[in-house]
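J.: Before I ask anything, here is the structure I am working with.
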Amino acid sequence: MTEKQKIDELLERGVAEVIHADLLRSKLNTGKPLRVKFGIDPTSPHIHLGRATAIWKLRELQDLGHQVVFIVGDFTGVIGDTSDKESERPMLTREAVEQNLATYFEQAGKILDMSKVEKHYNSEWLEKLGYREIGEHADAFSLSDFISRENIKRRLDAGKRVSLRELLYPLMQGYDSVAVKADIEIGGSDQKFNMLSGRKLQERFGQAPQDIIMLDLIEGLDGRKMSSSFGNTINVTDTANDMFGKVMSLRDELIMKYFMYATRVSAERMKEIEAGLNAGANPRDAKLDLAEEIATLYHGRDEAVRAREAFIATFQKKEIPDDMVEVSAEKDESLVDVLLRNEVVTSKTDWRRLVEEGAVKKLDGGEEKIEDTKILATPGVYKIGKRRFVKLNIS
RNA sequence: GCGUAAGUGGCGGAGUGGUCAAUCGCAGCAGACUGUAAAUUUGCCGGCUUCGGCCUUCGAAGGUUCGAAUCCUUCCUUACGCACCA
């Protein structure tokens, strides 16, 4: 790819909106290194594919020679962001923030060259501000800015509580931009308000306002927006097999979107795949390729190919998977107790239901349906529902 | 501070003295159908059970009653209105 193509891809692929696109393009064209701000919310430390789109953008910028600046919202995390949330967020303790952060960089390291990333905790500067400064910053905004904000308005209209504390959040995130002298900020389109507040404050502080690259949000497994709070995420820390299974369960309409947002597959290849689908190719095969591409990004090609094979063996050929949960039972222990102890089932009632529904089978050459809820544990492989496999040993 | 309304299962939201473990929708689980698709459809969806029942839940704590998610009291939480110029 030429430099120009890289810049086009940066500004177009998966991008919802660029604020001052022309300006930004000309800045990028000069080749002068720019400072790219990216805020990390330490509330939930798992990077899922939706969030990863932003990190891949950072990677593209890094490849173009720009300086990525991570801002860990350790201070703002304690306040709680209101963007994209339907209800007020709980305040996090210091300890929780620290804990959540521990794994974050490692996950980001799967995508970025972390050694080149500048890292800051926003408590570095936010903690030092007093009422005087906060008052000055707050003066850059009017109450109607906040009230007319969609998600605040919705909550107000619904009679939900909106804490004043939440209004401080954009001020702080905006000041982050001032503190690190950001040229560009990257974030999801749900962050628009917060990122714009950065521009406002930078102007107050005599800095050139940052340009903003806003990314589209992608759908999760159930078709709703991918979000940890919905539990519909594909996480970059998921095993290759999990990623594979999750991708395969996506509805067909999302295939091309996922190629676009969640893989690095070239535009030409995407066109080919799309043409194939339109010509009547089985979407399942496109999805297998998609799953392999996604797994490759985080686990490497070899492991992704193995996951593909395991998927085909287990679900298409109905073979018993190689790796599964292993549990061990005492002598004369009932099967329920073993499964309960290992959290395979959540309660005895849960177990009873599963048995009555005919979901529990012992795999023993063929499949033998288990109908007695009180059966004793015997060694072997059990299958509960479609995808829960358990290997049981007697200790 | 005063007044009014409200707080129900993971979420939304019914229920206003017994037939309520609590309608319904979403999410989830399981069966059928499949491509582990999606959509559809059927069942389940607090816990324990000798399958007769039993136990714990409707903001919290007390109380009334044979009996309470439903009535009363106090408290906590939230929304809305009032407040000053009059």
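Ligands are numbered from 1 in the order shown, chains are lettered A, B, ... in the order of the structure tokens, and residues start at 1 in each chain.
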Find the residues in chain A near chain B: any atom within 7 Å counts, using only C-alpha atoms (C1' of nucleotides). Write them as number ranges by chain.
T.: A: 159-161, 248-252, 284, 315, 354, 357, 359, 385-386
J.: Got time to write the residues from that selection, C-alpha atoms, as a PDB file, in the first residue's frame?
T.:
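Output file part-v7.pdb follows:
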ATOM      1  CA  GLY A 159     -37.334  10.362  35.062  1.00  0.00           C
ATOM      2  CA  LYS A 160     -33.999   8.735  35.781  1.00  0.00           C
ATOM      3  CA  ARG A 161     -31.437  10.311  37.999  1.00  0.00           C
ATOM      4  CA  MET A 248     -19.851 -18.914  13.466  1.00  0.00           C
ATOM      5  CA  SER A 249     -22.943 -18.152  15.483  1.00  0.00           C
ATOM      6  CA  LEU A 250     -23.237 -14.684  13.975  1.00  0.00           C
ATOM      7  CA  ARG A 251     -26.082 -14.097  11.621  1.00  0.00           C
ATOM      8  CA  ASP A 252     -25.120 -13.996   7.968  1.00  0.00           C
ATOM      9  CA  ARG A 284     -21.063 -20.720   6.164  1.00  0.00           C
ATOM     10  CA  PHE A 315     -19.866 -29.531  14.947  1.00  0.00           C
ATOM     11  CA  LEU A 354     -31.523 -30.396  31.599  1.00  0.00           C
ATOM     12  CA  GLU A 357     -35.252 -31.867  28.495  1.00  0.00           C
ATOM     13  CA  ALA A 359     -30.030 -32.384  26.918  1.00  0.00           C
ATOM     14  CA  GLY A 385     -26.655 -29.293  25.280  1.00  0.00           C
ATOM     15  CA  LYS A 386     -24.809 -28.605  22.082  1.00  0.00           C
TER      16      LYS A 386
END
J.: Set the distance at 10 Å and use only C-alpha atoms (C1' of nucleotides): which residues neighbour Phe193 (chain A) once local chain neighbours fewer than 5 positions away are removed? I'd like the list as a VMD selection string.
T.: chain A and resid 83 145 to 146 149 to 150 170 174 198
J.: Could you tell me which of A:Thr378, A:Ser334, A:Thr349, A:Ser177 comes closest to Lys362 (chain A) if we count only C-alpha atoms?
T.: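 Checking each of A:Thr378, A:Ser334, A:Thr349, A:Ser177 against Lys362 (chain A), counting only C-alpha atoms, the winner is A:Thr378.
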J.: Using only C-alpha atoms (C1' of nucleotides), determine which residues lie at most 9 Å from Glu274 (chain A), disregarding the query and same-chain residues fewer than 5 positions distant; provide the list as a PyMOL selection string.
T.: chain A and resi 256+269+279+286
J.: What are the DSSP strand (DSSP E) residues of region 137-191 of chain A, as number ranges by chain?
T.: A: 184-188
J.: If you run DSSP on the backbone here, which positions in region 124-319 of chain A get alpha helix (DSSP H)? Please write them as a count of residues only.
T.: 111
J.: Would you list the contacts of Gly39 (chain A) as a list in words, taking every protein, DNA or RNA residue within 7 Å and counting only C-alpha atoms (C1' of nucleotides), but skipping same-chain residues closer than 3 positions in sequence?
T.: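 The residues satisfying every condition are Phe70, Ile71, Val72 and Gly73 of chain A.
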J.: Could you work out how far CA of Glu330 (chain A) lies from CA of Lys361 (chain A), giving the answer in Å with one decimal?
T.: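 Calculated distance between CA of Lys361 (chain A) and CA of Glu330 (chain A) is 20.4 Å.
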J.: Quick one: pull the distance between CA of Gly366 (chain A) and CA of Met324 (chain A), Å, one decimal.
T.: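 Separating CA of Gly366 (chain A) from CA of Met324 (chain A) is a distance of 18.1 Å.
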J.: Leaving out region 8-10 of chain A and any residue of its chain fewer than 5 positions from it, which residues lie within 8 Å of it when counting only C-alpha atoms (C1' of nucleotides), given as a list in words?
T.: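 Residues near the query, excluding close chain neighbours: Lys57, Glu60 and Leu61 of chain A.
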J.: Give me a file of those residues, with N, CA and C atoms, as a PDB file, in the first residue's frame.
T.:
ATOM      1  N   LYS A  57      -6.926   1.134  14.623  1.00  0.00           N
ATOM      2  CA  LYS A  57      -6.687   2.452  14.038  1.00  0.00           C
ATOM      3  C   LYS A  57      -5.390   3.037  14.585  1.00  0.00           C
ATOM      4  N   GLU A  60      -2.588   1.586  12.818  1.00  0.00           N
ATOM      5  CA  GLU A  60      -2.372   2.187  11.498  1.00  0.00           C
ATOM      6  C   GLU A  60      -1.622   3.506  11.635  1.00  0.00           C
ATOM      7  N   LEU A  61      -1.987   4.280  12.623  1.00  0.00           N
ATOM      8  CA  LEU A  61      -1.320   5.567  12.848  1.00  0.00           C
ATOM      9  C   LEU A  61       0.132   5.347  13.259  1.00  0.00           C
TER      10      LEU A  61
END
J.: List the neighbours of Trp56 (chain A) out to 8 Å using only C-alpha atoms (C1' of nucleotides); skip same-chain residues closer than 3 positions along the sequence, and give me the result as a list in words.
T.: Ala52, Thr53, Arg59, Glu60, Ile111 and Leu112 of chain A
